[in-house]
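Below is one structure, written out as structure tokens; comments come after it.
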Protein chains: 2
Amino acid sequence: MKPKSAMVVFQPSGRRGRVPLGVSIVEASRLLGVDIEAPCGEKQVCGKCKIRIELGTFQKLGLESKFEHAGPWQAGEEKHISGYEKKAGFRMGCVATVEGDLLIFVPEAARAGKQVVSKAPRHLDITLNPAVKQYSVQLEPPTLEDPVGNFERLCAALKNNHGLTSLSIDVNVLRGLQTILENGGWQATVSVWMDREIILVQPGTDANIFGMAIDVGTTTVAAYLCDLVSGKVIDTLSMMNPQVKYGEDVVSRISFHMENPDGLKRMSQDLVDGLNSLVSQALSTDYSRPAPGNGSMPEQPYRVQPQEIVDVSIVGNTAMHHILLQLDPTPLGVIPFTPAVHHSLDIKARDLGLIINPAARIFMLPIEAGFVGGDNVGVILAEKPHHQDPIQLIIDIGTNGELVLGNRERLISSSCATGPALEGAQIEFGMRAAPGAIERVVIDPETLDVDYKVINREAWKNYSTPTDMQAKGICGSGVLDAVAQLFIAGIVKKSGAFAKEQASNRFRIRPETGMKEFVLAWARETSIDKDIVITQQDIRHIQLAKASIYTGCKLMMRKMGVEKVDSVKIAGAFGSHVDCKLALAMGMFPDCPVENIRSVGNAAGDGCRAALLDRDRRLEADRIARQVEYLELTLEEDFQRQLMEAIHFPHMTDTFEHLADIVPRQVLNQGRNKVKNHSQED
Amino acid sequence: MKPKSAMVVFQPSGRRGRVPLGVSIVEASRLLGVDIEAPCGEKQVCGKCKIRIELGTFQKLGLESKFEHAGPWQAGEEKHISGYEKKAGFRMGCVATVEGDLLIFVPEAARAGKQVVSKAPRHLDITLNPAVKQYSVQLEPPTLEDPVGNFERLCAALKNNHGLTSLSIDVNVLRGLQTILENGGWQATVSVWMDREIILVQPGTDANIFGMAIDVGTTTVAAYLCDLVSGKVIDTLSMMNPQVKYGEDVVSRISFHMENPDGLKRMSQDLVDGLNSLVSQALSTDYSRPAPGNGSMPEQPYRVQPQEIVDVSIVGNTAMHHILLQLDPTPLGVIPFTPAVHHSLDIKARDLGLIINPAARIFMLPIEAGFVGGDNVGVILAEKPHHQDPIQLIIDIGTNGELVLGNRERLISSSCATGPALEGAQIEFGMRAAPGAIERVVIDPETLDVDYKVINREAWKNYSTPTDMQAKGICGSGVLDAVAQLFIAGIVKKSGAFAKEQASNRFRIRPETGMKEFVLAWARETSIDKDIVITQQDIRHIQLAKASIYTGCKLMMRKMGVEKVDSVKIAGAFGSHVDCKLALAMGMFPDCPVENIRSVGNAAGDGCRAALLDRDRRLEADRIARQVEYLELTLEEDFQRQLMEAIHFPHMTDTFEHLADIVPRQVLNQGRNKVKNHSQED
């Protein structure tokens, strides 16, 4: 008998569920809370809902044709889908229907709801000294008496007015030089990379140049568009890492490369395409800037031109770094975990395929060791533990968590596989930090009632009409809040299991699967018309993530020979900042006075921005990468035992003296007699 | 009434003529002595005879469809011609027929008969010190105790064993590094550019690297493939410059750019494609090299791999330089003739689209001024007038002739538009210096009988059975010989006109056009079954060419304030060396003792090779380019008068005291009484 529903999985969000056969893919996305963009109201007009049926996973599902389960191709689709795209599996989401199990990739352009990146980039304590600087010159046009070439003419002016010598020029710049000099009446603004190479000449004196600092995470990518003259951040952009479809963590990406001859190239190209989509997003945005003069005029709108983006800095863990550059990541996954290169690299934008100024260089921050890459170097550049006496522990939460511990005497780093749960992925109702995501959760320990806040709505649920909440899912910080609050309220035990006795009608067991779950938002409070729940499995994901972070911290402290740290900083690019108290409450890191725990936002991105805006930080980055000691956690012989012990909330053996104010005594004391018997699950 | 024959013009040779309608294009080429390659005997099997019907000129001819005059497309052609090529106008020469007037471009690959480049590259007086050098290293494989990355491991070995520091690496090299190191058992040969950047790593110790020195002429291109370890020339390759179809001289190329929005890009791409065809010709050739060891083993065959070509140096006049790099050549054609750049350039091979090692750099030799480019710098590098006391005059014969005059005190250069006649083009039976071309001509002043020699046949005509000669046409040196001999024999007068009274049956007037001509080879001595002649118009072309060279020399001497030069060197890449006496006899350059006139072969190419093999010559090239004074001939107010006076054989007013042994007195005295009345043509 033919089933009446089919399983649909949306990437990169990972949202999945059964939907009735015959519904359109856009409708299916709505049912599952994914929200594909369809501004024309599914009238097959706008072409925004273009999605891709994923062939690779299809084969795993045993399907022969990639369209078999998505209904037949319709003539109207040709309007928006090129022959090339059709071959790659693209369909219109409002036309293609669910006729069987489907794995669907929703490209960035088709995703409704912009991801919220840690807002208001922090002030950076740097001197503005970018790698690319502007110089204004006035030339004399050539004459028969002085017919010397344009490049030499330019060099002479740069030497006389700005003291620059031994300059070279990118051949692309040379190509347009004559026209630009003539158009500007022989007055020009010259952008020079590292006082060495001319990479842009603009006519006249009023010329913009921009740079981008890009933090390439395993799951998410954040980019800061900066004005290289003022040093200001003009825009913050983000997207899912398009490689998510090849695997959720670094190890599965490496496996994809090893199992597919063109895997590395595909993953690299997808990321480059993604970065180009971020760039074109910036290029199509209207920004404004102060009018020239005394400031009495209104701000002027302007758009960034591709050739004005003259510098890019990129941070990422070692796997992201290698895959982007198409460096074989295989050795990263096997002992002795050797990277192809540690040192920072300068790569021409055109060699990477970035569609910005082709003469611009991409500065790839250096790699420390193992999976600890430029992102951790960025964190250190931004937080400067190496310039201070107190021992800092900095935790950068991502799919691959990167940790650093130490002070000016010594720094140790390590990386732990937290998985994407803390970013809202792998969670049943998880979603990225976009409007409608539950980002904060409070559970009253007495009434067990739930209050929560969604992104882009100021009022909490308890101060709103329930139907106004329009919750869609839970983002990373919301999941962390929810799990911590469940534990504090005693609904979930130290072991992570739901307590046997439950007083709340929000707790229930799903009949078909036996899965225990707790309702955060009732269907009427949502836009997806179903209860948003945290499941036992969601809690397990969070437990594993926090245990792996805790274990990393502890093993680093042991290596350094310290019993405690002076401060803890939690870094991470996406969503609201983590509630540090709750993170401590669930035992994500070793005990520390609550007042010394801080959330520092996207520190990796901040460090990346520092390298973009101050060339001296690039040198410092290479020094840091050479000096930080790396601890490979998985090679520590008691790693597995330590990890198992850290699964508990907050931790099986730690005292956590600073928790008394956060977690009720009876919750903390729960199961205390079982400490020596930790392998037994109650 | 429909005509029974059609005009067919073959490019790049310029050979043209009427052929019967209905013959295949291969047959037409045979009738006109062009010889398209058709090894399968026109059985439509080999695909070698692929030619292109030129659309642009078609439109000039008033044709609507590019196939209309070449017969309908045949199904069999698809086997060898891609859809893309078909669109570009390609046809199979053995299938397409002549059904009307046609302009046909014969690609290098379809041309039978390899052009003869000045053989046996001369010994260069240089220290072998190439920009790219090989270093052998033995690395320790990484271990858990020493897991440092491959690049850093390589750098450490290069520092410890060879003293190299501050190295960078091309990202392409980084991509293959792990595999190469493993395959070589961690022993590797590393190629480093300018002791700065790693551009190739090869496994083991037995590794070749090669470089190419390329002389890009307006009409012809010559390339030397060199072993960068021994410094030896492995092969000499050549082709017509594919840009010939856009115009025969630099001025018409610049016009093509100015009249066509994509003209510059097309000309550049065509040349790059051409250079790539030279490269692939080298890659598919079996070379041999000494076996390793004591030399008792036979030589080993080997083929060059693309990645082994790690360096390229290129010389060319300013227009060739600019067009290749897609630098706007417009300013070169208008006062004050400003180039985009003088300084030498290092450009990544991949940025130019050269299919060699993508990390290799192309060294573009610097430009002097006006049209005098890297080719003249190359000539100076090779001949070193700036290191000597005697005043040398060096004449580089090409479509654009480049002249340099001087000694260690002072050097002056200039360029003159000689046109392609001296390279065998624009001449009715002109052809490139390939087998079958008449390269030497002697006319007996008494009997007026002609003796000649063809390329690739040792015996002269007078010592051969006439039907064995199989002459096909006349190459540059043959044309020069023939015209000089016609003059010396009194057949052609000092004015360049055929004398009124002619004793030889080889002289005749073509009835249909009234054109006077002189038969060099009777039809039975040829492979094209028609008399090979020198026409009055051919003589005019040679007169103009030699006059423009003579005028350049004289104006330079005037600027320098010298009455005579100590020596004259004639440079040129193609065909047999010019007979210096005959060149003097026709007045190609000012008077000079015959024993001090030498032919020096492809000096520009030799200088280019010096820059390839010795990095110090690159610095010297930039010094030379800065120091040579440039004389723009066309701006000299009496240039036109000087040019007109130089039209005569040998020259209207010069005494030419050294000519007595070469040119009979009565020939030299001819018209002496008319010296003051030169505007009158007899």
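Each chain in the structure tokens gets a letter, A, B and so on, in the order shown; residues start at 1 in every chain, and ligands are counted from 1 in the order they appear.
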Show me, as a compact mmCIF listing (two decimals) with N, CA, C and O atoms, in the first residue's frame, the residues that have an atom within 9 Å of range 399-403 of chain B when counting only C-alpha atoms, minus same-chain residues fewer than 4 positions from it.
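What ended up in result05.txt:
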# COMPACT_ATOMS: atom_id res chain seq x y z
N GLY B 217 57.05 38.34 -32.65
CA GLY B 217 57.16 39.33 -33.71
C GLY B 217 55.78 39.68 -34.24
O GLY B 217 54.80 38.98 -33.98
N THR B 218 55.72 40.74 -35.01
CA THR B 218 54.44 41.17 -35.57
C THR B 218 53.91 40.10 -36.53
O THR B 218 52.71 39.84 -36.56
N THR B 219 54.80 39.45 -37.28
CA THR B 219 54.37 38.45 -38.25
C THR B 219 54.70 37.03 -37.79
O THR B 219 53.95 36.10 -38.05
N THR B 220 55.80 36.87 -37.07
CA THR B 220 56.24 35.53 -36.72
C THR B 220 56.61 35.45 -35.23
O THR B 220 56.98 36.45 -34.63
N GLU B 248 48.41 43.47 -40.98
CA GLU B 248 49.77 42.99 -41.22
C GLU B 248 50.83 43.72 -40.42
O GLU B 248 51.92 43.20 -40.23
N ASP B 249 50.54 44.94 -39.99
CA ASP B 249 51.56 45.65 -39.22
C ASP B 249 50.96 46.16 -37.92
O ASP B 249 49.76 46.01 -37.67
N VAL B 250 51.81 46.74 -37.07
CA VAL B 250 51.35 47.15 -35.74
C VAL B 250 50.26 48.21 -35.83
O VAL B 250 49.31 48.19 -35.03
N ASN B 317 57.86 43.89 -29.67
CA ASN B 317 57.79 45.34 -29.74
C ASN B 317 56.65 45.82 -28.85
O ASN B 317 55.84 45.02 -28.36
N PHE B 371 57.45 52.32 -30.36
CA PHE B 371 57.25 50.90 -30.65
C PHE B 371 58.46 50.06 -30.29
O PHE B 371 58.45 48.85 -30.48
N VAL B 372 59.56 50.70 -29.85
CA VAL B 372 60.77 49.95 -29.55
C VAL B 372 60.60 49.28 -28.18
O VAL B 372 60.58 49.94 -27.14
N GLY B 373 60.46 47.98 -28.20
CA GLY B 373 60.10 47.25 -27.00
C GLY B 373 61.18 46.32 -26.51
O GLY B 373 62.38 46.54 -26.73
N ASP B 375 62.02 43.55 -27.58
CA ASP B 375 62.84 42.88 -28.60
C ASP B 375 64.15 43.62 -28.78
O ASP B 375 65.21 43.00 -28.93
N ASN B 376 64.11 44.95 -28.75
CA ASN B 376 65.34 45.70 -28.90
C ASN B 376 66.20 45.59 -27.64
O ASN B 376 67.43 45.53 -27.72
N LEU B 393 75.89 49.56 -35.34
CA LEU B 393 74.53 49.78 -35.82
C LEU B 393 73.90 48.40 -35.91
O LEU B 393 74.42 47.53 -36.61
N ILE B 394 72.82 48.18 -35.15
CA ILE B 394 72.18 46.86 -35.19
C ILE B 394 70.78 47.03 -35.76
O ILE B 394 69.99 47.84 -35.28
N ILE B 395 70.51 46.24 -36.80
CA ILE B 395 69.23 46.32 -37.50
C ILE B 395 68.49 45.01 -37.29
O ILE B 395 68.97 43.96 -37.71
N ILE B 412 71.17 54.99 -29.04
CA ILE B 412 69.94 55.56 -29.57
C ILE B 412 69.18 54.45 -30.28
O ILE B 412 69.78 53.65 -31.00
N SER B 413 67.88 54.39 -30.06
CA SER B 413 67.08 53.39 -30.77
C SER B 413 65.97 54.07 -31.54
O SER B 413 65.59 55.20 -31.25
N SER B 414 65.47 53.36 -32.54
CA SER B 414 64.29 53.84 -33.24
C SER B 414 63.61 52.66 -33.90
O SER B 414 64.16 51.56 -33.95
N SER B 415 62.40 52.89 -34.36
CA SER B 415 61.71 51.79 -35.04
C SER B 415 61.18 52.30 -36.36
O SER B 415 60.84 53.48 -36.50
N CYS B 416 61.16 51.40 -37.36
CA CYS B 416 60.66 51.81 -38.67
C CYS B 416 59.71 50.74 -39.18
O CYS B 416 59.88 49.56 -38.93
N ALA B 417 58.71 51.21 -39.89
CA ALA B 417 57.67 50.30 -40.41
C ALA B 417 58.16 49.69 -41.70
O ALA B 417 57.93 50.23 -42.79
N THR B 418 58.86 48.57 -41.62
CA THR B 418 59.38 47.94 -42.82
C THR B 418 58.31 47.16 -43.56
O THR B 418 58.43 46.91 -44.75
N GLY B 419 57.27 46.78 -42.81
CA GLY B 419 56.25 45.92 -43.43
C GLY B 419 56.76 44.50 -43.47
O GLY B 419 57.94 44.23 -43.23
N PRO B 420 55.90 43.56 -43.78
CA PRO B 420 56.27 42.15 -43.68
C PRO B 420 57.00 41.61 -44.92
O PRO B 420 57.28 40.43 -44.99
N ALA B 421 57.33 42.48 -45.91
CA ALA B 421 57.90 41.98 -47.17
C ALA B 421 59.21 41.23 -46.94
O ALA B 421 59.47 40.20 -47.55
N LEU B 422 60.05 41.77 -46.04
CA LEU B 422 61.34 41.14 -45.81
C LEU B 422 61.19 39.79 -45.10
O LEU B 422 62.16 39.06 -44.93
N GLU B 423 59.98 39.49 -44.62
CA GLU B 423 59.72 38.17 -44.04
C GLU B 423 58.97 37.30 -45.05
O GLU B 423 58.48 36.23 -44.72
N ALA B 545 60.73 48.92 -47.79
CA ALA B 545 61.26 48.34 -46.55
C ALA B 545 62.70 48.78 -46.33
O ALA B 545 63.08 49.25 -45.26
N SER B 548 63.04 52.48 -45.54
CA SER B 548 62.65 52.90 -44.19
C SER B 548 63.75 52.52 -43.20
O SER B 548 64.02 53.26 -42.25
N ILE B 549 64.43 51.39 -43.43
CA ILE B 549 65.55 51.04 -42.56
C ILE B 549 66.70 52.03 -42.75
O ILE B 549 67.25 52.56 -41.78
N GLY B 552 65.98 55.35 -41.10
CA GLY B 552 66.12 55.25 -39.64
C GLY B 552 67.59 55.33 -39.24
O GLY B 552 67.97 56.08 -38.33
N CYS B 553 68.43 54.56 -39.94
CA CYS B 553 69.86 54.53 -39.60
C CYS B 553 70.46 55.93 -39.74
O CYS B 553 71.18 56.41 -38.87
N MET B 556 69.33 58.44 -37.06
CA MET B 556 69.97 58.13 -35.78
C MET B 556 71.42 58.61 -35.78
O MET B 556 71.91 59.15 -34.79
Could you name the residues that touch Cys592 in chain A at 8 Å or less, counting only C-alpha atoms, but leaving out those on the same chain fewer than 5 positions away, as number ranges by chain?
A: 564-568, 597, 656, 658
May I have the residues of chain A within 10 Å of chain B, counting only C-alpha atoms, written as a ChimeraX atom specification?
/A:141-154,168-179,322,325-331,335-348,350-352,367-370,626,632,635
Report the residues of range 284-507 of chain B whose backbone DSSP state falls under strand (DSSP E or B), written as a VMD selection string.
chain B and resid 287 to 289 300 to 302 309 to 316 345 to 348 361 to 364 369 372 392 to 396 400 to 406 411 to 417 430 437 to 443 450 to 454 471 473 to 474 492 498 507
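Proximity of A:Lys245, A:Arg266, A:Lys50, A:Lys86 to Val9 in chain A, computed with only C-alpha atoms, is greatest for A:Lys245.
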Could you pull out the alpha helix (DSSP H) residues of range 480-623 of chain B, going by DSSP on the backbone, and write them as a count of residues only?
60
Which distance in Å separates CA of Gly100 in chain A and CA of Met7 in chain A, to one decimal?
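Distance between the two atoms: 7.3 Å.
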Can you pull out the residues contacting range 436-452 of chain B? Cut-off 9 Å, using only C-alpha atoms, and skip same-chain residues under 2 positions away; I want them as a PyMOL selection string.
chain B and resi 113+430-434+454-457+460-462+469-482+485-486+488-491+503-504+506+519-521+526-527+575-576+579
If we count only C-alpha atoms, what is near Gly263 in chain B at a cut-off of 10 Å, once residues fewer than 6 positions away on the same chain are taken out, given as a PDB file with all heavy atoms, in the first residue's frame?
ATOM      1  N   TYR B 246      44.339  40.035 -38.364  1.00  0.00           N
ATOM      2  CA  TYR B 246      43.710  41.309 -37.995  1.00  0.00           C
ATOM      3  C   TYR B 246      44.425  42.500 -38.624  1.00  0.00           C
ATOM      4  O   TYR B 246      43.998  43.640 -38.465  1.00  0.00           O
ATOM      5  CB  TYR B 246      43.699  41.474 -36.471  1.00  0.00           C
ATOM      6  CG  TYR B 246      42.980  40.348 -35.770  1.00  0.00           C
ATOM      7  CD1 TYR B 246      43.670  39.452 -34.967  1.00  0.00           C
ATOM      8  CD2 TYR B 246      41.609  40.180 -35.929  1.00  0.00           C
ATOM      9  CE1 TYR B 246      43.015  38.415 -34.329  1.00  0.00           C
ATOM     10  CE2 TYR B 246      40.943  39.145 -35.306  1.00  0.00           C
ATOM     11  CZ  TYR B 246      41.654  38.258 -34.506  1.00  0.00           C
ATOM     12  OH  TYR B 246      41.002  37.237 -33.889  1.00  0.00           O
ATOM     13  N   ARG B 253      46.935  46.641 -36.501  1.00  0.00           N
ATOM     14  CA  ARG B 253      46.437  45.930 -35.301  1.00  0.00           C
ATOM     15  C   ARG B 253      45.810  46.924 -34.319  1.00  0.00           C
ATOM     16  O   ARG B 253      44.759  46.671 -33.736  1.00  0.00           O
ATOM     17  CB  ARG B 253      47.574  45.201 -34.577  1.00  0.00           C
ATOM     18  CG  ARG B 253      48.381  44.258 -35.432  1.00  0.00           C
ATOM     19  CD  ARG B 253      47.895  42.856 -35.465  1.00  0.00           C
ATOM     20  NE  ARG B 253      48.635  42.172 -36.524  1.00  0.00           N
ATOM     21  CZ  ARG B 253      49.796  41.524 -36.347  1.00  0.00           C
ATOM     22  NH1 ARG B 253      50.313  41.404 -35.139  1.00  0.00           N
ATOM     23  NH2 ARG B 253      50.410  40.960 -37.354  1.00  0.00           N
ATOM     24  N   ILE B 254      46.496  48.041 -34.134  1.00  0.00           N
ATOM     25  CA  ILE B 254      45.962  49.047 -33.210  1.00  0.00           C
ATOM     26  C   ILE B 254      44.626  49.569 -33.741  1.00  0.00           C
ATOM     27  O   ILE B 254      43.671  49.741 -32.982  1.00  0.00           O
ATOM     28  CB  ILE B 254      46.981  50.193 -33.016  1.00  0.00           C
ATOM     29  CG1 ILE B 254      48.237  49.641 -32.322  1.00  0.00           C
ATOM     30  CG2 ILE B 254      46.382  51.325 -32.192  1.00  0.00           C
ATOM     31  CD1 ILE B 254      49.385  50.632 -32.214  1.00  0.00           C
ATOM     32  N   SER B 255      44.544  49.741 -35.053  1.00  0.00           N
ATOM     33  CA  SER B 255      43.275  50.181 -35.641  1.00  0.00           C
ATOM     34  C   SER B 255      42.187  49.141 -35.398  1.00  0.00           C
ATOM     35  O   SER B 255      41.051  49.484 -35.086  1.00  0.00           O
ATOM     36  CB  SER B 255      43.418  50.389 -37.146  1.00  0.00           C
ATOM     37  OG  SER B 255      44.428  51.314 -37.407  1.00  0.00           O
ATOM     38  N   PHE B 256      42.544  47.868 -35.543  1.00  0.00           N
ATOM     39  CA  PHE B 256      41.550  46.818 -35.316  1.00  0.00           C
ATOM     40  C   PHE B 256      41.000  46.901 -33.899  1.00  0.00           C
ATOM     41  O   PHE B 256      39.802  46.752 -33.661  1.00  0.00           O
ATOM     42  CB  PHE B 256      42.164  45.431 -35.569  1.00  0.00           C
ATOM     43  CG  PHE B 256      41.162  44.321 -35.436  1.00  0.00           C
ATOM     44  CD1 PHE B 256      40.294  44.020 -36.466  1.00  0.00           C
ATOM     45  CD2 PHE B 256      41.056  43.599 -34.250  1.00  0.00           C
ATOM     46  CE1 PHE B 256      39.346  43.015 -36.341  1.00  0.00           C
ATOM     47  CE2 PHE B 256      40.116  42.590 -34.122  1.00  0.00           C
ATOM     48  CZ  PHE B 256      39.267  42.305 -35.173  1.00  0.00           C
ATOM     49  N   HIS B 257      41.889  47.172 -32.955  1.00  0.00           N
ATOM     50  CA  HIS B 257      41.448  47.340 -31.557  1.00  0.00           C
ATOM     51  C   HIS B 257      40.520  48.529 -31.441  1.00  0.00           C
ATOM     52  O   HIS B 257      39.482  48.462 -30.766  1.00  0.00           O
ATOM     53  CB  HIS B 257      42.665  47.520 -30.648  1.00  0.00           C
ATOM     54  CG  HIS B 257      42.385  48.330 -29.417  1.00  0.00           C
ATOM     55  ND1 HIS B 257      41.494  47.929 -28.433  1.00  0.00           N
ATOM     56  CD2 HIS B 257      42.856  49.538 -29.012  1.00  0.00           C
ATOM     57  CE1 HIS B 257      41.453  48.845 -27.477  1.00  0.00           C
ATOM     58  NE2 HIS B 257      42.254  49.836 -27.807  1.00  0.00           N
ATOM     59  N   GLN B 269      43.846  36.885 -27.097  1.00  0.00           N
ATOM     60  CA  GLN B 269      43.488  35.483 -26.920  1.00  0.00           C
ATOM     61  C   GLN B 269      44.054  34.632 -28.053  1.00  0.00           C
ATOM     62  O   GLN B 269      44.532  33.523 -27.822  1.00  0.00           O
ATOM     63  CB  GLN B 269      41.962  35.353 -26.839  1.00  0.00           C
ATOM     64  CG  GLN B 269      41.493  34.009 -26.324  1.00  0.00           C
ATOM     65  CD  GLN B 269      42.150  33.650 -24.995  1.00  0.00           C
ATOM     66  OE1 GLN B 269      42.075  34.399 -24.027  1.00  0.00           O
ATOM     67  NE2 GLN B 269      42.842  32.512 -24.942  1.00  0.00           N
ATOM     68  N   ILE B 323      49.364  44.338 -26.685  1.00  0.00           N
ATOM     69  CA  ILE B 323      48.218  43.542 -27.133  1.00  0.00           C
ATOM     70  C   ILE B 323      48.188  42.205 -26.393  1.00  0.00           C
ATOM     71  O   ILE B 323      47.142  41.750 -25.941  1.00  0.00           O
ATOM     72  CB  ILE B 323      48.236  43.344 -28.667  1.00  0.00           C
ATOM     73  CG1 ILE B 323      48.054  44.708 -29.352  1.00  0.00           C
ATOM     74  CG2 ILE B 323      47.150  42.383 -29.105  1.00  0.00           C
ATOM     75  CD1 ILE B 323      48.243  44.684 -30.863  1.00  0.00           C
ATOM     76  N   GLN B 326      46.785  42.748 -23.101  1.00  0.00           N
ATOM     77  CA  GLN B 326      45.524  43.487 -23.148  1.00  0.00           C
ATOM     78  C   GLN B 326      45.640  44.866 -22.513  1.00  0.00           C
ATOM     79  O   GLN B 326      44.738  45.338 -21.824  1.00  0.00           O
ATOM     80  CB  GLN B 326      44.385  42.680 -22.519  1.00  0.00           C
ATOM     81  CG  GLN B 326      44.038  41.446 -23.325  1.00  0.00           C
ATOM     82  CD  GLN B 326      42.868  40.671 -22.749  1.00  0.00           C
ATOM     83  OE1 GLN B 326      41.888  41.244 -22.282  1.00  0.00           O
ATOM     84  NE2 GLN B 326      42.955  39.367 -22.788  1.00  0.00           N
TER      85      GLN B 326
END
For a test of reading the model, state the distance in Å between CA of Ala110 in chain A and CA of Ile528 in chain A, rounded to one decimal.
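Pair CA of Ala110 in chain A / CA of Ile528 in chain A returns 18.3 Å.
The smallest atom-to-atom distance between Lys546 in chain A and any of A:Ala96, A:Ile53, A:Ala70, A:Ala646, using only C-alpha atoms, is found for A:Ala646.
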Please list as an NGL selection string every residue within 7 Å of range 27-36 of chain B, counting only C-alpha atoms and excluding residues in the same chain fewer than 2 positions away.
:B and (15-17 or 19 or 23-25 or 38 or 49 or 110-112 or 472 or 528)
